[in-house]
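Asker: For reference, this is upload_22.cif, and it has mmCIF, C-alpha atoms.
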```cif
data_my_file
#
loop_
_atom_site.label_atom_id
_atom_site.label_comp_id
_atom_site.auth_asym_id
_atom_site.auth_seq_id
_atom_site.Cartn_x
_atom_site.Cartn_y
_atom_site.Cartn_z
CA MET A 1 -14.10 10.08 10.10
CA SER A 2 -12.91 6.50 10.22
CA LEU A 3 -9.34 5.27 9.77
CA THR A 4 -7.87 2.61 7.54
CA VAL A 5 -5.04 0.80 9.30
CA THR A 6 -2.48 -1.38 7.53
CA LEU A 7 -0.19 -3.65 9.52
CA ASN A 8 3.11 -3.80 7.63
CA VAL A 9 4.25 -7.29 8.40
CA PHE A 10 4.07 -9.57 5.38
CA SER A 11 6.40 -9.89 2.44
CA GLY A 12 4.57 -12.05 -0.10
CA ARG A 13 0.94 -11.83 1.05
CA PRO A 14 -1.00 -8.57 1.15
CA ASN A 15 -0.68 -6.90 4.55
CA PRO A 16 -3.73 -7.00 6.85
CA VAL A 17 -5.95 -3.93 6.48
CA TRP A 18 -8.90 -2.93 8.66
CA THR A 19 -11.06 0.04 9.50
CA VAL A 20 -11.16 1.82 12.84
CA PRO A 21 -14.43 3.71 13.39
CA GLU A 22 -14.89 7.35 14.40
CA GLU A 23 -14.41 6.78 18.14
CA GLY A 24 -11.10 5.09 17.47
CA ALA A 25 -10.00 7.92 15.20
CA SER A 26 -10.63 10.37 18.05
CA GLU A 27 -8.65 8.25 20.46
CA LEU A 28 -5.71 8.01 18.07
CA ARG A 29 -5.79 11.77 17.51
CA ASP A 30 -5.75 12.34 21.28
CA ARG A 31 -2.86 9.95 21.75
CA VAL A 32 -0.84 11.61 18.99
CA GLU A 33 -1.59 15.12 20.29
CA ARG A 34 -0.18 14.15 23.70
CA ILE A 35 3.27 13.61 22.15
CA THR A 36 5.39 16.71 22.56
CA THR A 37 8.84 15.55 21.43
CA THR A 38 9.64 16.18 17.78
CA SER A 39 12.59 15.33 15.58
CA ASP A 40 13.57 15.90 11.97
CA LEU A 41 14.91 12.36 11.93
CA LYS A 42 12.92 9.30 10.93
CA ALA A 43 12.68 5.83 12.43
CA ALA A 44 15.51 3.62 11.30
CA ALA A 45 14.56 0.76 9.01
CA LEU A 46 13.42 -2.16 11.07
CA GLY A 47 14.44 -4.80 8.59
CA SER A 48 12.51 -5.99 5.60
CA LEU A 49 10.96 -9.10 7.11
CA GLY A 50 8.41 -9.28 9.90
CA TYR A 51 6.82 -6.39 11.80
CA ARG A 52 7.64 -3.01 10.27
CA GLY A 53 4.91 -0.79 11.77
CA PHE A 54 1.45 0.52 10.92
CA THR A 55 0.22 2.85 8.18
CA VAL A 56 -2.91 4.87 9.00
CA VAL A 57 -5.01 6.89 6.54
CA GLY A 58 -8.12 8.94 7.37
CA SER A 59 -11.28 8.14 5.41
CA ASP A 60 -11.90 11.78 4.48
CA HIS A 61 -8.23 12.19 3.51
CA GLY A 62 -7.87 14.77 6.27
CA ILE A 63 -5.10 12.54 7.55
CA GLY A 64 -2.48 11.67 5.00
CA PRO A 65 -0.66 8.37 5.26
CA THR A 66 0.98 8.33 8.70
CA GLN A 67 3.52 5.71 9.74
CA PHE A 68 3.69 4.40 13.30
CA SER A 69 6.81 2.39 14.06
CA ALA A 70 9.45 2.09 16.77
CA GLY A 71 7.64 4.66 18.91
CA ILE A 72 7.84 7.20 16.09
CA VAL A 73 4.90 8.95 14.39
CA ASP A 74 5.92 9.92 10.88
CA HIS A 75 3.49 12.20 9.01
CA GLY A 76 5.61 12.36 5.88
CA HIS A 77 8.94 13.26 4.45
CA ALA A 78 8.70 16.97 4.99
CA ILE A 79 7.17 17.00 8.47
CA PRO A 80 9.06 16.53 11.74
CA SER A 81 8.52 13.14 13.37
CA LEU A 82 6.85 12.81 16.77
CA VAL A 83 8.84 10.73 19.24
CA ALA A 84 6.46 8.95 21.59
CA GLY A 85 9.01 7.45 23.93
CA ASP A 86 7.02 4.22 24.19
CA ARG A 87 5.11 1.82 21.96
CA GLU A 88 1.65 2.33 23.46
CA ILE A 89 0.14 3.68 20.24
CA GLU A 90 1.40 0.69 18.27
CA LYS A 91 -0.01 -1.65 20.94
CA TRP A 92 -3.30 0.20 20.76
CA LEU A 93 -3.38 -0.02 16.95
CA LEU A 94 -2.77 -3.75 17.19
CA SER A 95 -5.66 -4.02 19.64
CA THR A 96 -8.02 -2.60 17.00
CA ALA A 97 -7.19 -5.38 14.52
CA GLY A 98 -9.70 -7.90 15.86
CA ALA A 99 -10.04 -10.90 13.56
CA HIS A 100 -8.18 -9.16 10.73
CA VAL A 101 -4.88 -10.39 12.17
CA SER A 102 -4.28 -13.99 13.19
CA ASP A 103 -3.24 -14.86 16.76
CA GLU A 104 0.11 -16.04 15.45
CA VAL A 105 0.87 -12.73 13.75
CA LYS A 106 -0.43 -10.81 16.78
CA ALA A 107 2.02 -12.76 18.97
CA HIS A 108 4.86 -11.86 16.60
CA VAL A 109 3.94 -8.16 16.65
CA THR A 110 3.48 -8.18 20.44
CA GLU A 111 6.92 -9.67 20.82
CA SER A 112 8.38 -7.02 18.50
CA LEU A 113 6.65 -4.29 20.51
CA ALA A 114 8.35 -5.51 23.68
CA THR A 115 11.70 -4.29 22.35
CA PRO A 116 12.93 -0.83 23.41
CA VAL A 117 11.61 2.24 21.64
CA ALA A 118 13.62 4.20 19.15
CA SER A 119 15.81 6.89 20.57
CA ALA A 120 17.56 9.69 18.80
CA ALA A 121 20.53 7.37 18.44
CA THR A 122 18.50 4.81 16.52
CA MET A 123 16.82 7.30 14.23
CA VAL A 124 18.18 8.24 10.86
CA ALA A 125 17.84 11.07 8.43
CA PRO A 126 15.31 10.19 5.74
CA ALA A 127 17.48 8.34 3.30
CA SER A 128 15.60 8.77 0.07
CA VAL A 129 14.54 12.41 0.30
CA HIS A 130 16.80 15.36 0.02
CA CYS A 131 14.56 18.38 -0.30
CA PRO A 132 16.14 21.16 -2.33
CA VAL A 133 16.99 24.39 -0.56
CA CYS A 134 14.11 26.84 -0.44
CA HIS A 135 15.37 30.25 -1.52
CA ALA A 136 12.13 32.13 -0.87
CA ALA A 137 11.91 33.88 2.48
CA ASP A 138 8.12 34.07 2.19
CA ALA A 139 7.60 30.39 1.35
CA PRO A 140 4.66 28.96 3.27
CA THR A 141 5.03 26.27 5.87
CA TYR A 142 3.49 22.91 4.94
CA ASN A 143 0.19 23.22 6.77
CA PRO A 144 -2.31 20.61 5.55
CA GLY A 145 -4.45 20.88 8.67
CA ILE A 146 -5.74 24.33 7.68
CA TRP A 147 -6.86 23.05 4.30
CA ASN A 148 -8.09 19.53 4.96
CA THR A 149 -11.26 20.47 6.81
CA PRO A 150 -14.86 20.06 5.56
CA SER A 151 -15.44 23.81 5.36
CA VAL A 152 -12.32 24.48 3.28
CA GLN A 153 -11.23 21.38 1.38
CA PRO A 154 -14.10 21.07 -1.16
CA HIS A 155 -14.21 24.79 -1.96
CA ASN A 156 -10.55 25.46 -2.69
CA ASN A 157 -8.36 24.00 -5.42
CA CYS A 158 -4.72 23.71 -6.43
CA TYR A 159 -4.58 27.38 -7.44
CA ASN A 160 -5.86 28.46 -4.03
CA TYR A 161 -3.30 26.25 -2.35
CA ALA A 162 -0.32 27.29 -4.46
CA ASN A 163 -1.13 30.91 -3.73
CA ASN A 164 -1.76 30.04 -0.07
CA ARG A 165 -5.12 31.80 -0.23
CA ILE A 166 -8.46 30.37 0.91
CA THR A 167 -11.21 32.04 -1.14
CA ASN A 168 -13.82 29.26 -1.10
CA THR A 169 -14.40 30.00 -4.80
CA PHE A 170 -12.36 27.19 -6.41
CA ALA A 171 -10.19 30.02 -7.76
CA GLN A 172 -9.47 30.18 -11.47
CA PRO A 173 -6.41 31.82 -13.03
CA GLY A 174 -7.36 35.21 -14.46
CA ARG A 175 -10.92 35.29 -13.13
CA ALA A 176 -10.15 38.09 -10.67
CA THR A 177 -8.91 40.32 -13.46
CA GLY A 178 -11.46 39.33 -16.10
CA HIS A 179 -8.81 37.48 -18.08
CA GLN A 180 -9.61 33.85 -17.32
CA TYR A 181 -7.88 31.32 -19.56
CA THR A 182 -9.84 30.25 -22.63
CA ALA A 183 -7.79 27.19 -23.52
CA LEU A 184 -6.14 24.49 -21.44
CA THR A 185 -2.68 25.14 -22.75
CA CYS A 186 0.50 26.37 -21.09
CA PRO A 187 0.46 29.81 -22.76
CA ALA A 188 -3.22 30.41 -21.98
CA VAL A 189 -3.12 29.42 -18.28
CA THR A 190 0.26 31.10 -17.75
CA ALA A 191 -1.08 34.36 -19.20
CA ALA A 192 -4.20 34.15 -17.02
CA ALA A 193 -2.09 33.61 -13.90
CA HIS A 194 0.20 36.47 -14.98
CA SER A 195 -2.83 38.75 -15.08
CA ASP A 196 -3.45 37.84 -11.42
CA GLY A 197 0.08 38.96 -10.59
CA LEU A 198 2.15 35.78 -10.85
CA VAL A 199 5.47 36.09 -12.67
CA VAL A 200 7.21 33.49 -14.81
CA THR A 201 10.66 32.38 -13.65
CA PRO A 202 13.00 29.83 -15.26
CA ASN A 203 13.80 27.93 -12.04
CA PHE A 204 13.44 28.00 -8.27
CA THR A 205 17.04 28.69 -7.36
CA GLY A 206 17.02 32.48 -7.22
CA HIS A 207 16.94 34.14 -3.79
CA LEU A 208 13.61 35.82 -3.02
CA ALA A 209 13.89 38.22 -0.10
CA ALA A 210 11.04 38.77 2.35
CA GLY A 211 8.15 40.47 0.60
CA HIS A 212 9.08 38.99 -2.78
CA GLY A 213 7.00 35.84 -2.70
CA TRP A 214 7.55 32.12 -3.22
CA TYR A 215 7.80 29.57 -6.01
CA VAL A 216 4.89 27.72 -7.62
CA ALA A 217 4.71 25.52 -10.71
CA LEU A 218 2.10 25.03 -13.43
CA VAL A 219 1.43 21.75 -15.24
CA ILE A 220 -1.21 20.79 -17.80
CA TRP A 221 -3.35 17.75 -18.55
CA PRO A 222 -3.46 18.61 -22.25
CA GLY A 223 -6.90 19.79 -23.27
CA ASN A 224 -8.49 18.84 -19.96
CA ASP A 225 -7.17 20.62 -16.91
CA TYR A 226 -4.28 22.41 -15.21
CA HIS A 227 -2.60 21.86 -11.85
CA TRP A 228 -0.35 23.84 -9.51
CA TYR A 229 2.32 22.95 -6.97
CA ARG A 230 4.00 25.17 -4.40
CA GLN A 231 7.43 24.98 -2.78
CA ASP A 232 7.18 24.98 1.00
CA LYS A 233 9.71 26.36 3.43
CA VAL A 234 11.17 22.90 3.94
CA GLY A 235 12.22 22.87 0.27
CA CYS A 236 10.02 20.05 -1.00
CA TRP A 237 6.81 20.77 -2.86
CA SER A 238 3.17 20.13 -1.97
CA HIS A 239 -0.16 20.39 -3.75
CA LYS A 240 -3.93 20.01 -3.53
CA PRO A 241 -5.52 17.90 -6.29
CA GLY A 242 -8.90 19.57 -6.81
CA GLN A 243 -11.34 18.95 -3.97
CA THR A 244 -9.07 16.40 -2.34
CA ALA A 245 -6.71 16.83 0.57
CA VAL A 246 -3.46 18.73 0.56
CA ARG A 247 -0.48 16.40 0.36
CA ASN A 248 3.31 16.51 0.00
CA TYR A 249 3.72 13.43 -2.17
CA ASP A 250 3.14 12.64 -5.84
CA ASN A 251 1.04 10.02 -7.65
CA ALA A 252 3.74 7.45 -6.87
CA ASN A 253 3.66 8.36 -3.16
CA HIS A 254 7.09 9.95 -3.31
CA ALA A 255 8.11 13.28 -1.81
CA ILE A 256 8.22 16.01 -4.44
CA THR A 257 11.65 17.51 -4.85
CA ASP A 258 10.81 19.05 -8.22
CA PRO A 259 7.36 19.18 -9.85
CA LYS A 260 9.05 18.99 -13.23
CA THR A 261 10.19 15.44 -12.57
CA CYS A 262 7.61 14.03 -10.14
CA ASN A 263 4.83 11.57 -11.04
CA ARG A 264 1.95 13.80 -12.17
CA GLY A 265 -0.49 11.21 -13.53
CA PRO A 266 -2.15 12.62 -16.66
CA TYR A 267 -0.76 16.14 -16.15
CA THR A 268 2.05 15.31 -18.52
CA THR A 269 3.02 18.79 -19.68
CA PHE A 270 5.23 20.85 -17.43
CA CYS A 271 4.67 24.52 -18.25
CA THR A 272 6.72 26.75 -16.02
CA TYR A 273 7.76 27.81 -12.56
CA MET A 274 6.23 31.08 -11.40
CA ILE A 275 6.58 33.39 -8.42
CA THR A 276 3.50 34.34 -6.46
CA GLN A 277 3.17 36.51 -3.37
CA SER A 278 0.69 37.51 -0.75
CA SER A 279 -0.39 40.62 -2.69
CA VAL A 280 -1.58 38.50 -5.66
CA HIS A 281 -5.34 38.71 -6.16
CA ILE A 282 -7.20 35.52 -7.06
CA ARG A 283 -10.87 34.64 -7.20
CA MET B 284 -29.61 12.47 -9.22
CA GLU B 285 -26.55 14.42 -10.25
CA ILE B 286 -23.31 12.71 -11.28
CA GLU B 287 -19.91 14.31 -10.71
CA LEU B 288 -16.88 12.97 -12.55
CA ASP B 289 -14.10 13.47 -10.01
CA ALA B 290 -10.96 14.00 -12.06
CA PHE B 291 -9.90 17.62 -12.22
CA SER B 292 -7.67 19.70 -10.01
CA GLY B 293 -7.94 23.27 -11.26
CA ARG B 294 -11.24 23.28 -13.14
CA PRO B 295 -14.48 22.29 -11.45
CA ASN B 296 -15.33 18.65 -12.08
CA PRO B 297 -17.86 17.88 -14.85
CA ARG B 298 -21.41 17.25 -13.60
CA TRP B 299 -24.60 16.09 -15.25
CA GLU B 300 -28.11 15.06 -14.30
CA THR B 301 -29.13 11.47 -14.83
CA THR B 302 -32.54 9.90 -15.04
CA THR B 303 -31.11 6.39 -15.03
CA PRO B 304 -32.53 4.63 -11.96
CA LEU B 305 -29.42 3.99 -9.88
CA GLN B 306 -31.04 3.59 -6.46
CA LYS B 307 -31.99 -0.02 -7.14
CA LYS B 308 -28.38 -0.80 -8.01
CA LEU B 309 -27.14 0.95 -4.88
CA ASP B 310 -29.63 -0.95 -2.73
CA SER B 311 -28.44 -4.26 -4.21
CA LEU B 312 -24.87 -3.84 -2.95
CA SER B 313 -24.09 -6.06 0.01
CA GLU B 314 -20.51 -7.38 -0.25
CA LYS B 315 -18.47 -5.20 2.08
CA THR B 316 -14.88 -4.30 1.27
CA LYS B 317 -12.29 -1.63 2.02
CA PRO B 318 -12.19 1.80 0.41
CA ALA B 319 -9.84 2.12 -2.55
CA PRO B 320 -6.73 4.24 -2.05
CA GLU B 321 -7.28 7.70 -3.49
CA PRO B 322 -4.87 8.21 -6.42
CA GLY B 323 -4.28 11.96 -6.35
CA LEU B 324 -4.09 13.50 -9.80
CA GLY B 325 -6.35 12.24 -12.57
CA TYR B 326 -9.43 10.03 -12.56
CA ARG B 327 -10.76 9.53 -9.03
CA GLY B 328 -14.13 8.01 -9.89
CA PHE B 329 -17.67 9.36 -9.67
CA ILE B 330 -19.73 11.00 -6.97
CA ILE B 331 -23.49 10.45 -7.09
CA HIS B 332 -25.25 13.39 -5.46
CA HIS B 333 -28.76 12.64 -4.27
CA GLY B 334 -30.28 15.14 -1.85
CA ASP B 335 -27.91 15.40 1.12
CA GLN B 336 -26.32 12.07 0.26
CA SER B 337 -23.21 11.56 -1.78
CA VAL B 338 -21.99 8.18 -2.95
CA ARG B 339 -18.44 7.61 -4.21
CA VAL B 340 -17.88 5.06 -6.98
CA PHE B 341 -14.27 4.26 -7.73
CA SER B 342 -12.04 1.32 -8.55
CA GLY B 343 -14.82 -1.25 -8.40
CA ARG B 344 -16.02 -0.06 -5.01
CA VAL B 345 -18.92 2.03 -3.80
CA THR B 346 -18.69 4.05 -0.59
CA MET B 347 -21.84 5.47 0.96
CA GLU B 348 -23.60 6.18 4.24
CA ARG B 349 -25.65 3.29 5.51
CA ASP B 350 -27.05 2.96 9.01
CA GLY B 351 -25.40 6.24 9.94
CA LYS B 352 -21.88 5.24 8.99
CA SER B 353 -19.67 5.15 5.94
CA GLN B 354 -19.54 1.69 4.33
CA THR B 355 -17.73 0.45 1.26
CA TYR B 356 -19.12 -2.31 -0.98
CA ARG B 357 -17.91 -4.12 -4.05
CA ASP B 358 -19.51 -2.65 -7.16
CA THR B 359 -21.32 -5.83 -8.08
CA ALA B 360 -24.04 -3.82 -9.86
CA GLY B 361 -21.73 -2.35 -12.52
CA LEU B 362 -22.28 1.24 -11.39
CA GLU B 363 -18.83 2.48 -12.37
CA ALA B 364 -19.15 1.04 -15.88
CA GLU B 365 -22.61 2.61 -16.23
CA LEU B 366 -21.34 6.01 -15.09
CA ALA B 367 -18.26 5.77 -17.33
CA LYS B 368 -20.62 5.15 -20.24
CA GLN B 369 -22.59 8.25 -19.30
CA ALA B 370 -19.35 10.24 -19.01
CA ARG B 371 -18.40 9.27 -22.55
CA GLN B 372 -21.85 10.28 -23.77
CA HIS B 373 -21.31 13.67 -22.14
CA GLY B 374 -18.05 14.19 -24.01
CA HIS B 375 -15.57 13.06 -21.35
CA ALA B 376 -14.22 9.98 -23.11
CA GLY B 377 -10.63 11.14 -22.69
CA ILE B 378 -10.92 11.32 -18.92
CA VAL B 379 -12.43 8.03 -17.83
CA PRO B 380 -10.39 4.86 -18.19
CA ASP B 381 -11.63 1.82 -20.07
CA LEU B 382 -13.61 -0.17 -17.52
#
```
Using structure tokens, write down the structure from this file.
Answerer:
Amino acid sequence: MSLTVTLNVFSGRPNPVWTVPEEGASELRDRVERITTTSDLKAAALGSLGYRGFTVVGSDHGIGPTQFSAGIVDHGHAIPSLVAGDREIEKWLLSTAGAHVSDEVKAHVTESLATPVASAATMVAPASVHCPVCHAADAPTYNPGIWNTPSVQPHNNCYNYANNRITNTFAQPGRATGHQYTALTCPAVTAAAHSDGLVVTPNFTGHLAAGHGWYVALVIWPGNDYHWYRQDKVGCWSHKPGQTAVRNYDNANHAITDPKTCNRGPYTTFCTYMITQSSVHIR
Amino acid sequence: MEIELDAFSGRPNPRWETTTPLQKKLDSLSEKTKPAPEPGLGYRGFIIHHGDQSVRVFSGRVTMERDGKSQTYRDTAGLEAELAKQARQHGHAGIVPDL
């Protein structure tokens, strides 16, 4: 797997983007895995002009967009940050730029990287995301690593992910019970999921004690397809679009505080919230 | 060759066989570029399955294995438009954008 690296530095021009090959991806993974300090805080804004950090995305989407700035590794709104304590990873990322970044810009970034690293005192709570409270004791933890592997990712869909169940069958609502949906409408897919054991609920604010499941949500691309989201323990929602990687952001790259209001691309019809649990049978 | 229209989340993606000779078009690609960002829900392009190989065609770019590594090229051969035309012929006009 290669990596696509973006240096966030320009305002008017497109930022420099380059690819780091497989060996580099391994090195970055090793460097990140060596960081043991975590924090729920995020790096403070470094100003809107000049060096703002790097964005790294894995070519097979096994790595979601990850931000590296001020000695902080930020995997996303709902995941604790890693606090490196130094700026070696950023220096290393800059070293992979080659001719994609001019000497002048490299000098600017190098100078920026000479400033002290972020400390807890210079980190801030994520300003734009306030995940709702998760009221389900059984809600799964956001765990993309389990799903975004070659042996799992292509064979499991949004329904697998929402139900937190790897079947490798691209599970379909109602197939396990012989009542698979026959139309791509809210009533039809809801009924099929109900036959699997999911239960309709008007919202995700009711307390669900241990053993009583967690919240999911069904949306429809009218006449074409359906899609599911799940609420994770952190309170925000995540999803798996078909064969692609699990993610905790919507089509506008925003954290998902409510699937009813997030950017869903062509899945324009919100059907319902439902409750699923580990005893639900899907295939 | 088998073509997969990569667009769905819950249902399996539509697939069809094609006899249109695409290999010549793939071989003609030479202008390297960066992979397109993957959009999430909705149309994500086409995957050409040919033996063990799979080639992704999306957003005017073609990503495939060449010389043992993944490379992305500009779609100067009009592959995406050709595959979109095939998709419409197979009844998927509402899924592919106008290209």
Asker: Within 10 Å of Glu287 of chain B, counting all atoms listed in the file, which residues qualify if same-chain residues fewer than 6 places away don't, as a ChimeraX atom specification?
Answerer: /B:295-300,328-332,337,339,366,370
Asker: Could you write those residues out with C-alpha atoms, as a PDB file, in the coordinates of the input?
Answerer:
```
ATOM      1  CA  PRO B 295     -14.480  22.290 -11.450  1.00  0.00           C
ATOM      2  CA  ASN B 296     -15.330  18.650 -12.080  1.00  0.00           C
ATOM      3  CA  PRO B 297     -17.860  17.880 -14.850  1.00  0.00           C
ATOM      4  CA  ARG B 298     -21.410  17.250 -13.600  1.00  0.00           C
ATOM      5  CA  TRP B 299     -24.600  16.090 -15.250  1.00  0.00           C
ATOM      6  CA  GLU B 300     -28.110  15.060 -14.300  1.00  0.00           C
ATOM      7  CA  GLY B 328     -14.130   8.010  -9.890  1.00  0.00           C
ATOM      8  CA  PHE B 329     -17.670   9.360  -9.670  1.00  0.00           C
ATOM      9  CA  ILE B 330     -19.730  11.000  -6.970  1.00  0.00           C
ATOM     10  CA  ILE B 331     -23.490  10.450  -7.090  1.00  0.00           C
ATOM     11  CA  HIS B 332     -25.250  13.390  -5.460  1.00  0.00           C
ATOM     12  CA  SER B 337     -23.210  11.560  -1.780  1.00  0.00           C
ATOM     13  CA  ARG B 339     -18.440   7.610  -4.210  1.00  0.00           C
ATOM     14  CA  LEU B 366     -21.340   6.010 -15.090  1.00  0.00           C
ATOM     15  CA  ALA B 370     -19.350  10.240 -19.010  1.00  0.00           C
TER      16      ALA B 370
END
```
Asker: Please produce, as CSV, a per-residue contact table for chain A versus chain B (criterion: any atom at most 7 Å away, only C-alpha atoms considered), showing the nearest atom pair and its distance in Å to one decimal, sorted by chain then residue number.
Answerer:
```
residue,atom,partner,partner_atom,distance
A:Asn157,CA,B:Gly293,CA,5.9
A:Cys158,CA,B:Gly293,CA,5.8
A:Tyr159,CA,B:Gly293,CA,6.5
A:Asp225,CA,B:Arg294,CA,6.2
A:Tyr226,CA,B:Gly293,CA,5.5
A:His227,CA,B:Gly293,CA,5.6
A:Pro241,CA,B:Ser292,CA,4.7
A:Gly242,CA,B:Ser292,CA,3.4
A:Asn251,CA,B:Gly323,CA,5.8
A:Arg264,CA,B:Leu324,CA,6.5
A:Gly265,CA,B:Leu324,CA,5.7
A:Pro266,CA,B:Gly325,CA,5.9
```
Asker: Determine, counting all atoms listed in the file, every residue of protein, DNA or RNA that lies within 12 Å of (-25.2, -2.6, -11.4) in the file coordinates, then give the result as a count of residues only.
Answerer: 25
Asker: Have a look at A:His194, A:Lys260, A:His135, A:Arg87 and name the one nearest to Thr272 of chain A; count all atoms listed in the file.
Answerer: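 Smallest separation from Thr272 of chain A among the options: A:Lys260.
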Asker: Tell me, in Å to one decimal, how far atom CA of Asn156 of chain A is from atom CA of Thr268 of chain A.
Answerer: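 These atoms are spaced 22.6 Å apart.
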Asker: Any idea what the distance is between atom CA of Asn143 of chain A and atom CA of Leu184 of chain A?
Answerer: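 Spanning atom CA of Asn143 of chain A to atom CA of Leu184 of chain A is a straight-line distance of 28.9 Å.
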Asker: Using Å and a single decimal, report how far atom CA of Val9 of chain A sits from atom CA of Val101 of chain A.
Answerer: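 These two atoms are separated by 10.4 Å.
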Asker: Dump as a ChimeraX atom specification all residues having an atom at most 12 Å from (-5.3, 9.4, 18.8), computed in the file's coordinates with only C-alpha atoms.
Answerer: /A:2-3,20,22-35,56,58,63,66,68,73,88-90,92-93
Asker: Running the PyMOL selection byres ((chain B and resi 315) around 6) on this model by hand, what would come out? Give it as a list in words.
Answerer: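 When the PyMOL selection byres ((chain B and resi 315) around 6) is applied, the selected residues are Glu314, Thr316, Thr355 and Tyr356 of chain B.
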Asker: For this structure, which residues satisfy the selection - the PyMOL selection byres ((chain A and resi 254) around 10) - when it is evaluated on the file as given? I want them as a list of chain:residue names.
Answerer: A:Gly76, A:His77, A:Ser128, A:Val129, A:Asn248, A:Tyr249, A:Asp250, A:Asn251, A:Ala252, A:Asn253, A:Ala255, A:Ile256, A:Thr257, A:Cys262, A:Asn263
Asker: With the PyMOL selection byres ((chain A and resi 106-112) around 12) as the selection, what would be picked from this file? Answer as a ChimeraX atom specification, please.
Answerer: /A:7-10,16,46-47,49-54,69-71,87-88,90-105,113-117
Asker: His239 of chain A: which residues within 8 Å, counting only C-alpha atoms, same-chain residues fewer than 5 positions away excluded, as a PDB file with C-alpha atoms, keeping the file's coordinate frame?
Answerer:
```
ATOM      1  CA  CYS A 158      -4.720  23.710  -6.430  1.00  0.00           C
ATOM      2  CA  TYR A 161      -3.300  26.250  -2.350  1.00  0.00           C
ATOM      3  CA  ALA A 162      -0.320  27.290  -4.460  1.00  0.00           C
ATOM      4  CA  TRP A 228      -0.350  23.840  -9.510  1.00  0.00           C
ATOM      5  CA  TYR A 229       2.320  22.950  -6.970  1.00  0.00           C
ATOM      6  CA  ARG A 230       4.000  25.170  -4.400  1.00  0.00           C
ATOM      7  CA  VAL A 246      -3.460  18.730   0.560  1.00  0.00           C
ATOM      8  CA  ARG A 247      -0.480  16.400   0.360  1.00  0.00           C
ATOM      9  CA  ASN A 248       3.310  16.510   0.000  1.00  0.00           C
TER      10      ASN A 248
END
```
Asker: Can you pull out the residues contacting Ser151 of chain A? Cut-off 12 Å, using only C-alpha atoms, and skip same-chain residues under 6 positions away; I want them as a ChimeraX atom specification.
Answerer: /A:62,145,166-169,243
